[in-house]
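Heads up, the thing below is written out as structure tokens.
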Amino acid sequence: MDLQENQTNQENIGEKTGVVVVVGRPSAGKSTFLNTAAGEKVSIVSSYPQTTRNAIKGIVNTEEGQLVFVDTPGLHASDKKLNMRLKAITTDALDGADAVLYLLDSVRGAGEEEALIAELLKPYQSKMVIGINKIDSADSNRQAVRAAVSHYLSDVPSERIFDVSAKSGDGVKEILGALFLLSPVAPHLYPEDYYTDQDVDFRIAEVIREQAMNRLEQEIPHSIFVEIADMEMKKENLLWVRAFLCVERESQKGIVIGKGAQKIKTIRVESIKELRKIFSYRIDLDLQVKVVKNWRQKDTLLSRLIK
């Protein structure tokens, strides 16, 4: 299913407009769903939990209307300062939404964390659509997940519960249809050719962070953030960017740089390749590593990074 072709071939989009908050455990496939539905790369994807740190908007335009998706950070049980801020992003977004899309990972059992999320979502069952994701996996156990959903969220009607593969696109169209049924007729929030409202510097930082996370091991991915220090359009089709991969400890700096600076070179080259797919102009990336000690405990910095 080519959702992008389906969307861009529409001469006019329908009259409905819905703001949809996407909720789920870490690595449930929220970012993959958003990218597939939008037909473009909106949110970064990694096998590491809590890749998403912000409420990221993706926009889907069809003949039925416009859906504005807010991809929230993965929710899990933790009282760490960073995790509490990530949870606050989700709870703040829920009240203002027209619909809620709850994605569950059919490969993992519905344990204590799923019960906590379901408890948070109970007041929103009247505007909820549920997707049981990763049904194309050999380890999928969709029946057990459906049973847990029926137990925790019994007021969500069966016609709003779908099996889906966010990766292949199976079931995505059906979920979009259910979300449009919950959406009001209202003016569209964005022009038809928009698929995200992210600023250029944010998108560049997220792509760099994605490439770094997917090439680093163990605790390092959670200890990094990307700072865009400077951007300048050198020519009509060339944007120069200076960025820093920031880590918490001096010992982590060498790991990110790698032997002979090979690791940071690879992150830079692969980031540029990915950015070429997103932007119509070329990007010249100056990428360095620096230490920002214990950044995950600094309220001022967290407020700037997570919003």
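Chain labels A, B, ... are given in the sequence in which chains occur in the structure tokens; within each chain residues are numbered consecutively from 1, and ligands are likewise numbered from 1 in the order shown.
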For this session: Show which residues sit within 6 Å of range 222-239 of chain A, as number ranges by chain. Count only C-alpha atoms, and ignore same-chain residues fewer than 3 positions away.
Result: A: 205, 219, 242-248, 281-283
Writing out the chosen residues with N, CA and C atoms as a compact mmCIF listing (two decimals), in the first residue's frame:
```txt
# COMPACT_ATOMS: atom_id res chain seq x y z
N ALA A 205 18.57 17.93 13.83
CA ALA A 205 19.05 17.38 15.11
C ALA A 205 18.50 15.97 15.34
N GLU A 219 24.07 2.04 27.29
CA GLU A 219 23.44 3.22 27.87
C GLU A 219 23.69 4.49 27.08
N ARG A 242 26.52 23.54 11.80
CA ARG A 242 27.45 23.06 12.83
C ARG A 242 26.63 22.47 13.96
N ALA A 243 26.90 21.20 14.28
CA ALA A 243 26.13 20.51 15.32
C ALA A 243 27.07 19.78 16.27
N PHE A 244 26.59 19.62 17.51
CA PHE A 244 27.34 18.89 18.52
C PHE A 244 26.52 17.71 19.02
N LEU A 245 27.15 16.54 19.04
CA LEU A 245 26.59 15.39 19.75
C LEU A 245 27.06 15.51 21.19
N CYS A 246 26.12 15.72 22.10
CA CYS A 246 26.47 15.98 23.49
C CYS A 246 26.26 14.74 24.35
N VAL A 247 27.25 14.43 25.17
CA VAL A 247 27.18 13.28 26.07
C VAL A 247 27.33 13.77 27.51
N GLU A 248 27.06 12.88 28.45
CA GLU A 248 27.06 13.26 29.87
C GLU A 248 28.44 13.19 30.52
N TYR A 281 17.39 20.83 -0.65
CA TYR A 281 18.72 21.40 -0.81
C TYR A 281 19.76 20.52 -0.10
N ARG A 282 21.02 20.69 -0.44
CA ARG A 282 22.10 19.92 0.16
C ARG A 282 22.45 20.48 1.54
N ILE A 283 22.99 19.62 2.39
CA ILE A 283 23.40 20.04 3.73
C ILE A 283 24.86 19.65 3.96
```
Exercise. Range 10-209 of chain A: which residues are strand (DSSP E) by DSSP, as a PyMOL selection string?
Worked result: chain A and resi 16-23+56-62+65-71+99-105+128-133+161-163
Writing out the chosen residues with C-alpha atoms as a PDB file, in the first residue's frame:
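As a result, selection-v5.pdb now contains:
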```
ATOM      1  CA  LYS A  16     -12.894  16.907   8.446  1.00  0.00           C
ATOM      2  CA  THR A  17      -9.995  17.896  10.693  1.00  0.00           C
ATOM      3  CA  GLY A  18      -8.814  15.869  13.668  1.00  0.00           C
ATOM      4  CA  VAL A  19      -5.965  16.201  16.151  1.00  0.00           C
ATOM      5  CA  VAL A  20      -4.871  12.681  17.123  1.00  0.00           C
ATOM      6  CA  VAL A  21      -2.569  11.849  20.034  1.00  0.00           C
ATOM      7  CA  VAL A  22      -0.610   8.614  19.545  1.00  0.00           C
ATOM      8  CA  VAL A  23       0.140   6.787  22.803  1.00  0.00           C
ATOM      9  CA  ILE A  56       6.062  15.452  17.176  1.00  0.00           C
ATOM     10  CA  LYS A  57       3.389  16.392  14.660  1.00  0.00           C
ATOM     11  CA  GLY A  58       2.743  14.536  11.428  1.00  0.00           C
ATOM     12  CA  ILE A  59       0.015  15.582   9.004  1.00  0.00           C
ATOM     13  CA  VAL A  60      -2.031  13.211   6.836  1.00  0.00           C
ATOM     14  CA  ASN A  61      -4.263  14.619   4.075  1.00  0.00           C
ATOM     15  CA  THR A  62      -6.842  12.412   2.323  1.00  0.00           C
ATOM     16  CA  GLY A  65      -9.912  15.419   5.511  1.00  0.00           C
ATOM     17  CA  GLN A  66      -6.810  16.231   7.533  1.00  0.00           C
ATOM     18  CA  LEU A  67      -5.452  14.337  10.535  1.00  0.00           C
ATOM     19  CA  VAL A  68      -2.771  16.021  12.639  1.00  0.00           C
ATOM     20  CA  PHE A  69      -0.941  13.318  14.588  1.00  0.00           C
ATOM     21  CA  VAL A  70       0.992  14.064  17.754  1.00  0.00           C
ATOM     22  CA  ASP A  71       3.569  11.306  18.300  1.00  0.00           C
ATOM     23  CA  ALA A  99      -9.050  11.322  19.046  1.00  0.00           C
ATOM     24  CA  VAL A 100      -6.528   9.044  20.727  1.00  0.00           C
ATOM     25  CA  LEU A 101      -4.668   6.261  18.926  1.00  0.00           C
ATOM     26  CA  TYR A 102      -3.367   3.664  21.384  1.00  0.00           C
ATOM     27  CA  LEU A 103      -0.762   1.370  19.815  1.00  0.00           C
ATOM     28  CA  LEU A 104       0.209  -1.906  21.475  1.00  0.00           C
ATOM     29  CA  ASP A 105       3.078  -4.224  20.605  1.00  0.00           C
ATOM     30  CA  MET A 128     -10.069   6.076  21.250  1.00  0.00           C
ATOM     31  CA  VAL A 129      -8.904   3.857  18.408  1.00  0.00           C
ATOM     32  CA  ILE A 130      -6.636   0.917  19.260  1.00  0.00           C
ATOM     33  CA  GLY A 131      -4.019  -0.629  16.976  1.00  0.00           C
ATOM     34  CA  ILE A 132      -2.457  -3.994  17.811  1.00  0.00           C
ATOM     35  CA  ASN A 133       0.852  -3.600  16.023  1.00  0.00           C
ATOM     36  CA  ILE A 161      -9.756  -2.136  17.501  1.00  0.00           C
ATOM     37  CA  PHE A 162      -7.508  -3.115  14.588  1.00  0.00           C
ATOM     38  CA  ASP A 163      -4.662  -5.479  13.793  1.00  0.00           C
TER      39      ASP A 163
END
```
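Rounded to one decimal, CA of Asn214 in chain A and CA of Ile264 in chain A lie 12.3 Å from each other.
Comparing the minimum interatomic distances between Ile208 in chain A and each of A:Asn141, A:Gln288, A:Ser165, A:Thr196, counting only C-alpha atoms, we find that A:Gln288 sits nearest.
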Exercise. Between A:Ala115, A:Ala28, A:Ala37, A:Leu189, which one has atoms that come closest to Thr72 in chain A, using only C-alpha atoms?
Worked result: A:Ala28
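Taking CA of Val185 in chain A and CA of Glu63 in chain A as the two end points, the separation is 12.9 Å.
Of the listed residues A:Ala38, A:Ser280, A:Leu182, A:Ser106, the one whose atoms come nearest to Arg146 in chain A is A:Ser106, with distances taken using only C-alpha atoms.
CA of Asp98 in chain A to CA of Gly169 in chain A spans 23.1 Å [interatomic distance, one decimal].
Between Gly258 in chain A and the residues A:Leu179, A:Leu287, A:Val292, A:Leu216, the shortest atom-to-atom distance, using only C-alpha atoms, involves A:Leu216.
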Exercise. Which residues come within 9 Å of Ile204 in chain A, counting only C-alpha atoms, excluding same-chain residues fewer than 4 positions away, as a PyMOL selection string?
Worked result: chain A and resi 199-200+208-209+228+241+271+275
For this session: Select from range 83-195 of chain A everything DSSP, run on the backbone, classes as alpha helix (DSSP H), then give the selection as a PyMOL selection string.
Result: chain A and resi 83-94+112-121+142-152+172-182
Atoms kept (C-alpha atoms) for selection, written as a PDB file, in the first residue's frame:
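Result written to result12.pdb:
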```
ATOM      1  CA  ASN A  83      10.937  10.127  32.230  1.00  0.00           C
ATOM      2  CA  MET A  84       8.567  12.268  34.283  1.00  0.00           C
ATOM      3  CA  ARG A  85       8.936  15.101  31.770  1.00  0.00           C
ATOM      4  CA  LEU A  86       8.254  12.716  28.894  1.00  0.00           C
ATOM      5  CA  LYS A  87       5.074  11.494  30.603  1.00  0.00           C
ATOM      6  CA  ALA A  88       3.931  15.092  31.143  1.00  0.00           C
ATOM      7  CA  ILE A  89       4.119  15.684  27.376  1.00  0.00           C
ATOM      8  CA  THR A  90       1.636  12.870  26.799  1.00  0.00           C
ATOM      9  CA  THR A  91      -0.806  13.821  29.532  1.00  0.00           C
ATOM     10  CA  ASP A  92      -0.828  17.460  28.415  1.00  0.00           C
ATOM     11  CA  ALA A  93      -1.630  16.451  24.833  1.00  0.00           C
ATOM     12  CA  LEU A  94      -4.531  14.096  25.612  1.00  0.00           C
ATOM     13  CA  GLU A 112       2.301  -3.858  34.441  1.00  0.00           C
ATOM     14  CA  GLU A 113       3.299  -0.916  32.243  1.00  0.00           C
ATOM     15  CA  GLU A 114       0.427  -1.595  29.842  1.00  0.00           C
ATOM     16  CA  ALA A 115      -1.961  -1.617  32.785  1.00  0.00           C
ATOM     17  CA  LEU A 116      -0.623   1.766  33.929  1.00  0.00           C
ATOM     18  CA  ILE A 117      -1.056   3.248  30.449  1.00  0.00           C
ATOM     19  CA  ALA A 118      -4.573   1.836  30.156  1.00  0.00           C
ATOM     20  CA  GLU A 119      -5.454   3.428  33.492  1.00  0.00           C
ATOM     21  CA  LEU A 120      -4.208   6.785  32.193  1.00  0.00           C
ATOM     22  CA  LEU A 121      -6.282   6.380  29.017  1.00  0.00           C
ATOM     23  CA  ARG A 142      -2.468 -10.596  18.975  1.00  0.00           C
ATOM     24  CA  GLN A 143      -5.096 -12.740  20.739  1.00  0.00           C
ATOM     25  CA  ALA A 144      -3.480 -12.236  24.145  1.00  0.00           C
ATOM     26  CA  VAL A 145      -3.149  -8.497  23.529  1.00  0.00           C
ATOM     27  CA  ARG A 146      -6.805  -8.260  22.439  1.00  0.00           C
ATOM     28  CA  ALA A 147      -7.832 -10.022  25.637  1.00  0.00           C
ATOM     29  CA  ALA A 148      -5.842  -7.520  27.706  1.00  0.00           C
ATOM     30  CA  VAL A 149      -7.419  -4.609  25.815  1.00  0.00           C
ATOM     31  CA  SER A 150     -10.907  -5.978  26.473  1.00  0.00           C
ATOM     32  CA  HIS A 151     -10.055  -6.237  30.156  1.00  0.00           C
ATOM     33  CA  TYR A 152      -8.440  -2.826  30.641  1.00  0.00           C
ATOM     34  CA  VAL A 172      -3.097   1.667   8.547  1.00  0.00           C
ATOM     35  CA  LYS A 173      -5.811   2.798   6.114  1.00  0.00           C
ATOM     36  CA  GLU A 174      -8.485   1.219   8.293  1.00  0.00           C
ATOM     37  CA  ILE A 175      -7.194   3.013  11.384  1.00  0.00           C
ATOM     38  CA  LEU A 176      -7.205   6.320   9.520  1.00  0.00           C
ATOM     39  CA  GLY A 177     -10.826   5.727   8.550  1.00  0.00           C
ATOM     40  CA  ALA A 178     -11.822   5.112  12.172  1.00  0.00           C
ATOM     41  CA  LEU A 179     -10.014   8.265  13.274  1.00  0.00           C
ATOM     42  CA  PHE A 180     -11.831  10.345  10.664  1.00  0.00           C
ATOM     43  CA  LEU A 181     -15.163   9.062  12.035  1.00  0.00           C
ATOM     44  CA  LEU A 182     -14.196  10.591  15.392  1.00  0.00           C
TER      45      LEU A 182
END
```
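Counting only C-alpha atoms, the residue from A:Asp139, A:Asp193, A:Ala110, A:Tyr124 that sits nearest to Gly96 in chain A is A:Tyr124.
Near Gln211 in chain A, within 10 Å and counting only C-alpha atoms, sit Ile44, Val45, Ser46, Glu206, Val207, Ile208, Asn214, Arg215, Leu216, Ile264, Thr266, Ile267, Arg268, Val269, Glu270, Ser271, Ile272 and Glu274 of chain A; same-chain residues fewer than 3 positions away were not included.
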Take the residues from that selection and put them in a file with N, CA, C and O atoms, as a PDB file, in the first residue's frame.
```pdb
ATOM      1  N   ILE A  44      11.865  10.008  14.106  1.00  0.00           N
ATOM      2  CA  ILE A  44      12.995   9.088  14.007  1.00  0.00           C
ATOM      3  C   ILE A  44      12.637   7.752  14.629  1.00  0.00           C
ATOM      4  O   ILE A  44      11.781   7.649  15.504  1.00  0.00           O
ATOM      5  N   VAL A  45      13.316   6.706  14.147  1.00  0.00           N
ATOM      6  CA  VAL A  45      13.007   5.336  14.567  1.00  0.00           C
ATOM      7  C   VAL A  45      14.286   4.670  15.037  1.00  0.00           C
ATOM      8  O   VAL A  45      15.318   4.750  14.384  1.00  0.00           O
ATOM      9  N   SER A  46      14.194   3.986  16.169  1.00  0.00           N
ATOM     10  CA  SER A  46      15.334   3.252  16.708  1.00  0.00           C
ATOM     11  C   SER A  46      14.812   2.086  17.530  1.00  0.00           C
ATOM     12  O   SER A  46      13.679   2.098  18.012  1.00  0.00           O
ATOM     13  N   GLU A 206      17.244  15.748  15.002  1.00  0.00           N
ATOM     14  CA  GLU A 206      16.637  14.431  15.219  1.00  0.00           C
ATOM     15  C   GLU A 206      17.253  13.373  14.304  1.00  0.00           C
ATOM     16  O   GLU A 206      17.467  12.232  14.719  1.00  0.00           O
ATOM     17  N   VAL A 207      17.556  13.726  13.072  1.00  0.00           N
ATOM     18  CA  VAL A 207      18.185  12.772  12.163  1.00  0.00           C
ATOM     19  C   VAL A 207      19.581  12.403  12.665  1.00  0.00           C
ATOM     20  O   VAL A 207      19.976  11.229  12.653  1.00  0.00           O
ATOM     21  N   ILE A 208      20.341  13.392  13.130  1.00  0.00           N
ATOM     22  CA  ILE A 208      21.670  13.101  13.676  1.00  0.00           C
ATOM     23  C   ILE A 208      21.548  12.189  14.899  1.00  0.00           C
ATOM     24  O   ILE A 208      22.305  11.220  15.052  1.00  0.00           O
ATOM     25  N   ASN A 214      21.503   4.554  16.632  1.00  0.00           N
ATOM     26  CA  ASN A 214      21.530   3.252  15.976  1.00  0.00           C
ATOM     27  C   ASN A 214      22.937   2.699  15.778  1.00  0.00           C
ATOM     28  O   ASN A 214      23.100   1.580  15.283  1.00  0.00           O
ATOM     29  N   ARG A 215      23.937   3.480  16.187  1.00  0.00           N
ATOM     30  CA  ARG A 215      25.321   3.011  16.049  1.00  0.00           C
ATOM     31  C   ARG A 215      26.072   2.968  17.383  1.00  0.00           C
ATOM     32  O   ARG A 215      27.260   2.694  17.401  1.00  0.00           O
ATOM     33  N   LEU A 216      25.372   3.245  18.459  1.00  0.00           N
ATOM     34  CA  LEU A 216      25.986   3.222  19.780  1.00  0.00           C
ATOM     35  C   LEU A 216      25.375   2.117  20.624  1.00  0.00           C
ATOM     36  O   LEU A 216      24.296   1.610  20.324  1.00  0.00           O
ATOM     37  N   ILE A 264      32.257   8.798  14.589  1.00  0.00           N
ATOM     38  CA  ILE A 264      31.625  10.103  14.353  1.00  0.00           C
ATOM     39  C   ILE A 264      31.588  10.412  12.854  1.00  0.00           C
ATOM     40  O   ILE A 264      30.627  11.040  12.367  1.00  0.00           O
ATOM     41  N   THR A 266      31.159   8.174  10.480  1.00  0.00           N
ATOM     42  CA  THR A 266      30.045   7.387   9.947  1.00  0.00           C
ATOM     43  C   THR A 266      28.708   8.038  10.281  1.00  0.00           C
ATOM     44  O   THR A 266      27.814   8.113   9.426  1.00  0.00           O
ATOM     45  N   ILE A 267      28.576   8.521  11.512  1.00  0.00           N
ATOM     46  CA  ILE A 267      27.335   9.197  11.913  1.00  0.00           C
ATOM     47  C   ILE A 267      27.097  10.425  11.033  1.00  0.00           C
ATOM     48  O   ILE A 267      25.977  10.677  10.584  1.00  0.00           O
ATOM     49  N   ARG A 268      28.159  11.175  10.778  1.00  0.00           N
ATOM     50  CA  ARG A 268      28.040  12.374   9.935  1.00  0.00           C
ATOM     51  C   ARG A 268      27.611  12.013   8.515  1.00  0.00           C
ATOM     52  O   ARG A 268      26.675  12.604   7.959  1.00  0.00           O
ATOM     53  N   VAL A 269      28.291  11.044   7.910  1.00  0.00           N
ATOM     54  CA  VAL A 269      28.002  10.674   6.520  1.00  0.00           C
ATOM     55  C   VAL A 269      26.582  10.123   6.389  1.00  0.00           C
ATOM     56  O   VAL A 269      25.844  10.498   5.467  1.00  0.00           O
ATOM     57  N   GLU A 270      26.185   9.245   7.304  1.00  0.00           N
ATOM     58  CA  GLU A 270      24.848   8.656   7.218  1.00  0.00           C
ATOM     59  C   GLU A 270      23.763   9.687   7.510  1.00  0.00           C
ATOM     60  O   GLU A 270      22.657   9.600   6.955  1.00  0.00           O
ATOM     61  N   SER A 271      24.054  10.652   8.372  1.00  0.00           N
ATOM     62  CA  SER A 271      23.094  11.733   8.627  1.00  0.00           C
ATOM     63  C   SER A 271      22.867  12.556   7.366  1.00  0.00           C
ATOM     64  O   SER A 271      21.724  12.897   7.020  1.00  0.00           O
ATOM     65  N   ILE A 272      23.949  12.876   6.665  1.00  0.00           N
ATOM     66  CA  ILE A 272      23.833  13.649   5.426  1.00  0.00           C
ATOM     67  C   ILE A 272      23.013  12.880   4.390  1.00  0.00           C
ATOM     68  O   ILE A 272      22.152  13.449   3.703  1.00  0.00           O
ATOM     69  N   GLU A 274      20.657  10.705   4.958  1.00  0.00           N
ATOM     70  CA  GLU A 274      19.249  10.718   5.367  1.00  0.00           C
ATOM     71  C   GLU A 274      18.625  12.083   5.142  1.00  0.00           C
ATOM     72  O   GLU A 274      17.461  12.190   4.736  1.00  0.00           O
TER      73      GLU A 274
END
```
